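Novice: Structure incoming, see below.
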Amino acid sequence: MDALATGEVDEKLYSRQLYVMGHEAQRRMMASHALLFGVSGLGAEVAKNCILAGISSITLCDPSPANSYDLGGNFYLTEKDVGSKKSRAKLCKEKLSDLNQYVSVTVASDVPALSREHEDSILPLIDGASVVIVTIPLPQPLLIAINQKCRAAGASFIYSLTTGVFSKVFCDFGPAFLIADTDGEQPASSQIETILPSNPATVKVLEDHGRHGLETGDCVTFSRVKGGLVDEIDGLFDSPTEKYEVKSTGPFTFEIVGLDLSHCVAPATQGYITQVKMPKTMEFKTYGEALEDPGELMMSDFAKFERPALLHLGYKALDAFMVKNGGELPLPGDVEMANSVYDIAKSMDEGNVLAGDEDGKAKRIILHLASGSRAVLSPMCAALGGIVGQEVLKACSGKFTPINGFLYFDGDEALPDTLLPAEEVAVTGTSRYDSQVAVFGKEMQKVLLDQRLFLVGAGAIGCEMLKNWALMGVGCGEEGHVHITDMDRIEKSNLSRQFLFRNNHINHFKSTTAAEAANEMNPDLNITAYQEKVSVETEDIFGDNFYDKLTGVCTALDNVEARLYMDQRCLFYRLPMLESGTLGTKGNTQVVVPHLTENYGATRDPPEKSIPVCTLKNFPNQIQHTLQWARDVFEGIFKQNAEDVNSYLKATDYAQSLAGQQNTKVETVKSIQRTLVDERPVSFEDCVVWARNKFEAEFSNNILQLLHNFPEDQVTSSGAKFWSGSKRCPISLSFDLDSTCEDAAMRNHFDFIVATANLRASMYGIKGRTDEDYFRKILQDVIVPDFNPSDGVKIAANEEEAKEEQGGMGNPDDECDEILNSLPKPSELAGFKLDPIDFDKDVDEHMLFVTACSNLRALNYSIPTEDTHRSRAIAGKIIPAIATTTALVTGLVCLELYKIVGTARKELAVDALKNGFINLAVPFITMSEPTPPTKTKCILKGKEWNWTAWDSLDVNLGDITLAQFVEHFKTEYNLDVSMLSQGVSILYSFFANRKKVEERMKMPMSKIITSITKKEFPANQLFIVMELITNDLDTDEEVEIPYVKFRFR
């Protein structure tokens, strides 16, 4: 934590992570050194996550050779490494080094063994470390000695283990650990409606912008407060850094503690308040102290309220067993050894944790903990690697709240009710799957090998998932297969969290590269990579015959639309779907199982609110508004204008192509005239002059026109001030090449000219330049025309007027034709075309324009400006991402995969499944039972049937005739079909033409559909979905039934 925060941050590499950690925390990480004891499965995961995150250096200390259990979780070890004389640390060092060129990875090679006898060579390694992590079982006295040395050296101490499906984490960050930011959330900010002259002063925020989000005791700063008491008291709220303590009095009001403004007359209006994040100091217990008095244990599943205390006791018993047995853990399936651990636990149970265990549930946990204690499972290593990796980053950066003491986590729902026979869990000593066999048995491992899964997405979650599956053996059997698809190519910003990719993979397809990397980890993996989007358009590839062969689907997507599409596919084919997502340190997992749980689309978030047009055009009040406006300007002048010109030059009859654009055709041809003729540049100097005039038009002239229409003292028809509430009265800007904005410290005037001129030059194929002296020389000679506001200009004052403006404009054809006739004919410009520019948030020149353009408009309206980094996040709608959260959610998903595949000798029930909700920053982890599907009741053949979205009436009789179809429902379900439809086509109805009905009754079902739609079915389509309206033959009452799934091939 006290490491010097120095060094430059590679913003391209750490782009998405910087939106999680921030620049200051990233610099602290880049100056921090970690010491890692143990490079088995968990150690490899922690090292990987820390190296991807960009700490300065990490030393690996693990002199032990690789064994077959390690292969279950260490993705850099192979079966050939078992029996090697090289240590685990040396075997993994080079591949870990390849993850990040900025991180130094070394091996502590002078430690013969991690034991008390070699303490003298172990403890000196801690000097200079910011954090020490232990990820393998060590003798308790050695752990305590390492912890004490950490305290003396000012290093944080983390101890974590995974043993089968059980795990623990312990953190000691010292007696007084300073946290700069406890949760990483953006500071709460609101717009002020009024500040009342009272004692204490009372602030009311604009209600239509949401609650202020403040709590009593929080501190805030004020900026851009206007009028009233601000004019009366010199210097009040002038300093943007002065802090004021608040007392919350409601969701939209608060008092400023200790500020008496009762002597003032008028209230202040408008302005902004911003929460100030205050540092916090945490005190920790040492490992020795916490073992005896753990205090309150962190919960991860409130359905297992007693579990943390039970596992605390179980791990203490496991330690005692190791002491008695020469440091060895119990063997898989050895009932005698497992019972020995349980007996030790009973003898140590001073807190009566095992008391009242008549049903033996607590004993079952201890026995399974003991039996699987040697097993290193990839999902558990991934999950704990994410948690522990984030704790390491907290120790290095001082950002986010650490785990205080112990966290215990398990996935015991995946385990059989009793220990499996020793022969079922016997290991080979050489197989990658020994750890899984030791926990779940050989039978379940065979089922895992033969899984046929579809992984949709090969980004951060996709890479982690594929790694887990390669270690688990998913799709590695004779009948197994993994299909993976992703349209995207690899970019540099992917490398800090999509760990299967390296620098030399940039611009390669993600899916292909990820598949090749996973095959390196496990050559037995049967995998096919695609570069296709999952949608209706690709159902010729991913159709009935594709899904019909799958055993499940896993989504690793970044948009809701694709998730909903896959959800419908899984519903139709009754396939389990494993869903997960991350947002910075937050993550969620959802397991969807046919008939047991609701489907993904059963509950949805409300749609994102759009910004009203009049707000964007004339009345912005947030930086989000100005950034969206700047994006729109970019699209208009650098993309749309160029595309319109190119369309004109290519069209044989351009006037005819505009026929469907009555409201916009005049503006379109005017823009073509300006772009192609009136303002067409022939040199870069012309582009600079155009940029200067564009500045004047947007940030001075248009504002002056707005103020001419709505003067500062304008009042509404009700007598209220027009410029009040969320309407901020603007000011025009005077061009100043040296101007720097106060908030973001950016040269927006200069940046706008440089970015605009270069983008325009690029559009016309003219070479640009960026040297400041050149721009100064050109700009001093530019003559900007004077501007006088006009009286006849109509500006919408609200959303209703804006919609009216978008309505009809009379007949624009004559004006349109006149302009088109004045343009040069396309034949006169043969070979000429413009290069439209698609906005890309990761192109610095694009973001320079958008940031400068947004900030200039923000200055017009006295809105706080933002730097390029923050503007990129808002304008590009960037999802913050970090490797730790990604690893955790994929681990949780794969734990659910174990359950879906089928725990040995146990039937799957909904209470065994778990959805996960996490926030590593706080930290918060909670697992909960999924919601069952909603049921619809109907009476079928005299019996009640409660069907769900998973159900359908399946007809597998081949391509039968309509008469046979109708008869089938009479005989099989006692239903009379009164109407039958497929999509928008009605195939049969009781009121249809009798002759046509008789004709169709003799036709096969597929032929009826093709005769109506005039389209043939794709060769890979097996099913037809039909909707029926039916009545009970006995009661004549309508019966609500699910859709019919008709297999015609």
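Labels for the structure tokens follow display order: chains A, B, ..., residues from 1 in each chain, ligands from 1.
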Taking only segment 154-261 of chain A into account, list the residues labelled helix (DSSP H, G or I) by DSSP (computed from the backbone), as a VMD selection string.
Specialist: chain A and resid 207 to 209 229 to 232
Novice: Got time to write the residues from that selection, N, CA and C atoms, as a PDB file, in the first residue's frame?
Specialist:
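And here is the file that came out, part_19.pdb:
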ATOM      1  N   GLU A 207     -35.806  16.323  -8.732  1.00  0.00           N
ATOM      2  CA  GLU A 207     -36.380  14.997  -8.527  1.00  0.00           C
ATOM      3  C   GLU A 207     -36.362  14.154  -9.794  1.00  0.00           C
ATOM      4  N   ASP A 208     -36.478  14.809 -10.972  1.00  0.00           N
ATOM      5  CA  ASP A 208     -36.526  14.015 -12.203  1.00  0.00           C
ATOM      6  C   ASP A 208     -35.174  13.431 -12.585  1.00  0.00           C
ATOM      7  N   HIS A 209     -34.130  13.750 -11.783  1.00  0.00           N
ATOM      8  CA  HIS A 209     -32.808  13.159 -12.022  1.00  0.00           C
ATOM      9  C   HIS A 209     -32.474  12.087 -11.000  1.00  0.00           C
ATOM     10  N   LEU A 229     -28.352  33.607  -2.737  1.00  0.00           N
ATOM     11  CA  LEU A 229     -27.402  33.722  -1.627  1.00  0.00           C
ATOM     12  C   LEU A 229     -25.946  33.652  -2.078  1.00  0.00           C
ATOM     13  N   VAL A 230     -25.698  33.070  -3.247  1.00  0.00           N
ATOM     14  CA  VAL A 230     -24.319  33.039  -3.756  1.00  0.00           C
ATOM     15  C   VAL A 230     -23.862  34.458  -4.107  1.00  0.00           C
ATOM     16  N   ASP A 231     -24.797  35.265  -4.631  1.00  0.00           N
ATOM     17  CA  ASP A 231     -24.478  36.657  -4.954  1.00  0.00           C
ATOM     18  C   ASP A 231     -24.353  37.507  -3.696  1.00  0.00           C
ATOM     19  N   GLU A 232     -25.025  37.082  -2.623  1.00  0.00           N
ATOM     20  CA  GLU A 232     -25.019  37.864  -1.381  1.00  0.00           C
ATOM     21  C   GLU A 232     -23.760  37.636  -0.552  1.00  0.00           C
TER      22      GLU A 232
END
Novice: Set the distance at 7 Å and use only C-alpha atoms: which residues neighbour Pro63 of chain A once local chain neighbours fewer than 2 positions away are removed? I'd like the list as a list of chain:residue names.
Specialist: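 In the requested format, the answer is A:Cys61, A:Pro65, A:Ser87, A:Arg88, A:Ala89, A:Val111, A:Pro112, A:Ala113.
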Novice: Using N, CA, C and O atoms, can you export the residues from the last selection as an mmCIF file, in the first residue's frame?
Specialist:
data_model
loop_
_atom_site.group_PDB
_atom_site.id
_atom_site.type_symbol
_atom_site.label_atom_id
_atom_site.label_comp_id
_atom_site.auth_asym_id
_atom_site.auth_seq_id
_atom_site.Cartn_x
_atom_site.Cartn_y
_atom_site.Cartn_z
ATOM 1 N N CYS A 61 7.164 -19.206 -5.190
ATOM 2 C CA CYS A 61 7.936 -20.064 -4.294
ATOM 3 C C CYS A 61 7.181 -21.369 -4.096
ATOM 4 O O CYS A 61 6.173 -21.416 -3.385
ATOM 5 N N PRO A 65 7.349 -30.918 -6.724
ATOM 6 C CA PRO A 65 7.113 -31.345 -8.108
ATOM 7 C C PRO A 65 5.614 -31.459 -8.378
ATOM 8 O O PRO A 65 4.803 -31.512 -7.456
ATOM 9 N N SER A 87 10.376 -28.123 -10.359
ATOM 10 C CA SER A 87 9.332 -27.740 -9.411
ATOM 11 C C SER A 87 8.134 -27.155 -10.167
ATOM 12 O O SER A 87 8.238 -26.750 -11.321
ATOM 13 N N ARG A 88 6.995 -27.101 -9.471
ATOM 14 C CA ARG A 88 5.794 -26.502 -10.077
ATOM 15 C C ARG A 88 6.047 -25.048 -10.457
ATOM 16 O O ARG A 88 5.568 -24.568 -11.486
ATOM 17 N N ALA A 89 6.789 -24.340 -9.606
ATOM 18 C CA ALA A 89 7.064 -22.926 -9.883
ATOM 19 C C ALA A 89 7.862 -22.763 -11.178
ATOM 20 O O ALA A 89 7.536 -21.924 -12.025
ATOM 21 N N VAL A 111 14.871 -22.240 -1.913
ATOM 22 C CA VAL A 111 14.083 -22.824 -0.820
ATOM 23 C C VAL A 111 13.915 -24.319 -1.103
ATOM 24 O O VAL A 111 13.197 -24.696 -2.031
ATOM 25 N N PRO A 112 14.574 -25.194 -0.325
ATOM 26 C CA PRO A 112 14.497 -26.639 -0.602
ATOM 27 C C PRO A 112 13.101 -27.214 -0.357
ATOM 28 O O PRO A 112 12.658 -28.114 -1.061
ATOM 29 N N ALA A 113 12.410 -26.700 0.681
ATOM 30 C CA ALA A 113 11.078 -27.214 1.015
ATOM 31 C C ALA A 113 10.352 -26.170 1.859
ATOM 32 O O ALA A 113 10.981 -25.377 2.571
#
Novice: Find the residues near Thr78 of chain A: any atom within 12 Å, counting only C-alpha atoms, skip ones fewer than 3 places away on the same chain, and give them as a compact mmCIF listing (two decimals) with N, CA and C atoms, in the first residue's frame.
Specialist:
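File selection.txt, as written:
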# COMPACT_ATOMS: atom_id res chain seq x y z
N ALA A 66 5.26 -31.52 -9.64
CA ALA A 66 3.85 -31.63 -10.02
C ALA A 66 3.34 -33.04 -9.77
N ASN A 67 2.08 -33.12 -9.31
CA ASN A 67 1.43 -34.43 -9.19
C ASN A 67 0.13 -34.40 -9.98
N SER A 68 -0.53 -35.54 -10.09
CA SER A 68 -1.71 -35.63 -10.95
C SER A 68 -2.87 -34.78 -10.42
N TYR A 69 -2.94 -34.58 -9.10
CA TYR A 69 -4.00 -33.73 -8.55
C TYR A 69 -3.86 -32.30 -9.07
N ASP A 70 -2.63 -31.81 -9.20
CA ASP A 70 -2.39 -30.44 -9.68
C ASP A 70 -3.00 -30.20 -11.05
N LEU A 71 -3.03 -31.24 -11.88
CA LEU A 71 -3.51 -31.10 -13.25
C LEU A 71 -4.98 -30.72 -13.32
N GLY A 72 -5.71 -30.96 -12.22
CA GLY A 72 -7.12 -30.61 -12.20
C GLY A 72 -7.37 -29.12 -12.20
N GLY A 73 -6.37 -28.32 -11.77
CA GLY A 73 -6.60 -26.88 -11.68
C GLY A 73 -5.51 -26.02 -12.27
N ASN A 74 -4.34 -26.60 -12.54
CA ASN A 74 -3.24 -25.80 -13.10
C ASN A 74 -3.21 -25.97 -14.61
N PHE A 75 -3.55 -24.89 -15.32
CA PHE A 75 -3.71 -24.93 -16.78
C PHE A 75 -2.38 -24.90 -17.52
N ASP A 81 4.36 -33.48 -17.23
CA ASP A 81 5.10 -32.82 -16.14
C ASP A 81 5.05 -33.62 -14.84
N VAL A 82 4.09 -34.55 -14.74
CA VAL A 82 4.01 -35.38 -13.54
C VAL A 82 5.23 -36.30 -13.50
N GLY A 83 5.96 -36.24 -12.42
CA GLY A 83 7.19 -37.03 -12.32
C GLY A 83 8.43 -36.26 -12.74
N SER A 84 8.26 -35.05 -13.27
CA SER A 84 9.40 -34.22 -13.66
C SER A 84 10.19 -33.79 -12.42
N ARG A 88 6.99 -27.10 -9.47
CA ARG A 88 5.79 -26.50 -10.08
C ARG A 88 6.05 -25.05 -10.46
N LEU A 91 8.11 -24.91 -13.66
CA LEU A 91 7.33 -25.40 -14.80
C LEU A 91 6.36 -24.35 -15.33
N CYS A 92 5.88 -23.49 -14.44
CA CYS A 92 4.85 -22.51 -14.84
C CYS A 92 5.41 -21.12 -15.12
N THR A 430 -1.57 -40.40 -12.62
CA THR A 430 -1.02 -39.79 -13.84
C THR A 430 -2.05 -39.00 -14.65
N SER A 431 -3.34 -39.18 -14.36
CA SER A 431 -4.39 -38.60 -15.20
C SER A 431 -4.72 -37.17 -14.80
N ARG A 432 -5.04 -36.35 -15.79
CA ARG A 432 -5.49 -34.99 -15.54
C ARG A 432 -6.78 -34.97 -14.74
N TYR A 433 -7.54 -36.04 -14.81
CA TYR A 433 -8.86 -36.05 -14.20
C TYR A 433 -8.88 -36.71 -12.82
N ALA A 470 -11.39 -27.44 -20.51
CA ALA A 470 -10.24 -28.25 -20.94
C ALA A 470 -9.67 -29.03 -19.75
N LEU A 471 -9.63 -28.40 -18.58
CA LEU A 471 -9.10 -29.08 -17.39
C LEU A 471 -10.10 -30.11 -16.86
N ASN A 519 -6.87 -26.32 -26.86
CA ASN A 519 -6.35 -27.60 -27.35
C ASN A 519 -4.92 -27.85 -26.88
N GLU A 520 -4.17 -26.77 -26.71
CA GLU A 520 -2.80 -26.92 -26.16
C GLU A 520 -2.87 -27.42 -24.73
N MET A 521 -3.85 -26.93 -23.96
CA MET A 521 -3.99 -27.36 -22.57
C MET A 521 -4.44 -28.81 -22.48
N ASN A 522 -5.33 -29.19 -23.38
CA ASN A 522 -5.82 -30.57 -23.39
C ASN A 522 -5.99 -31.01 -24.84
N PRO A 523 -5.02 -31.73 -25.38
CA PRO A 523 -5.09 -32.16 -26.79
C PRO A 523 -6.28 -33.05 -27.11
Novice: Would you list the contacts of segment 233-236 of chain A as an MDAnalysis selection string, taking every protein, DNA or RNA residue within 10 Å and counting only C-alpha atoms, but skipping same-chain residues closer than 3 positions in sequence?
Specialist: chainID A and resid 222 225 228:230 239 261 264
Novice: Find the residues around Pro864 of chain A up to 10 Å (only C-alpha atoms counted), leave out those fewer than 5 positions away in its own chain, and share them as a list in words.
Specialist: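 Close residues of Pro864 of chain A: Ser223, Arg224, Gly271, Tyr272, Asn621, Gln622, Ile623, Cys741, Glu742, Asp743, Ala744, Asn855, Ala858 and Leu859 of chain A.
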Novice: Applying 12 Å and only C-alpha atoms, which residues near Met763 of chain A remain after dropping the ones on its own chain fewer than 4 positions away? List them as a PyMOL selection string.
Specialist: chain A and resi 634+637-643+645-646+675-676+680-682+684+687+756-759+767-768+832-838
Novice: Could you jot down the atom CA of Asp976 of chain A to atom CA of Val1044 of chain A separation for me, Å, one decimal place?
Specialist: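 Taking atom CA of Asp976 of chain A and atom CA of Val1044 of chain A, their separation equals 14.3 Å.
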Novice: Check the smallest atom-to-atom distance from each of A:Gly587, A:Gly543, A:Gly227, A:Pro1042 to Ile925 of chain A using only C-alpha atoms, then report the winner.
Specialist: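 Once distances to Ile925 of chain A are computed over only C-alpha atoms, the minimum belongs to A:Gly587.
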Novice: Quick one: residues within 9 Å of Leu291 of chain A, only C-alpha atoms, excluding same-chain residues fewer than 4 positions away - as a list in words?
Specialist: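 Final neighbour list, sorted by chain and number: Thr286, Tyr287, His312 and Lys316 of chain A.
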Novice: Go through A:Asn1020, A:Ser32, A:Thr202, A:Thr135 and flag the residue nearest Ala53 of chain A, using only C-alpha atoms for the distances.
Specialist: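 Of all the options, A:Ser32 lies closest to Ala53 of chain A.
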Novice: Between atom CA of Phe166 of chain A and atom CA of Pro379 of chain A, measure the distance and give it in Å to one decimal.
Specialist: 11.0 Å
Novice: Just checking: using only C-alpha atoms, which residue out of A:Asp558, A:Ser732, A:Ala34, A:Glu896 ends up closest to Pro576 of chain A?
Specialist: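 Of all the options, A:Glu896 lies closest to Pro576 of chain A.
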Novice: Expressed in Å to a single decimal, how great is the separation between atom CA of Ser647 of chain A and atom CA of Glu698 of chain A?
Specialist: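 Pair atom CA of Ser647 of chain A / atom CA of Glu698 of chain A returns 26.8 Å.
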Novice: Rank A:Ile874, A:Arg563, A:Tyr898, A:Leu313 by their smallest atom-to-atom distance to Pro416 of chain A, using only C-alpha atoms, and report the top residue only.
Specialist: A:Tyr898
Novice: My list of candidates is A:His595, A:His869, A:Lys204, A:His625. Which is closest to Ile256 of chain A when distances are computed with only C-alpha atoms?
Specialist: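 When distances to Ile256 of chain A are compared using only C-alpha atoms, the smallest one comes from A:Lys204.
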Novice: Compare A:Glu79, A:Glu245, A:Asp911, A:Asp410 by their minimum atom-to-atom distance to Leu892 of chain A, counting only C-alpha atoms, and give me the closest one.
Specialist: A:Asp410
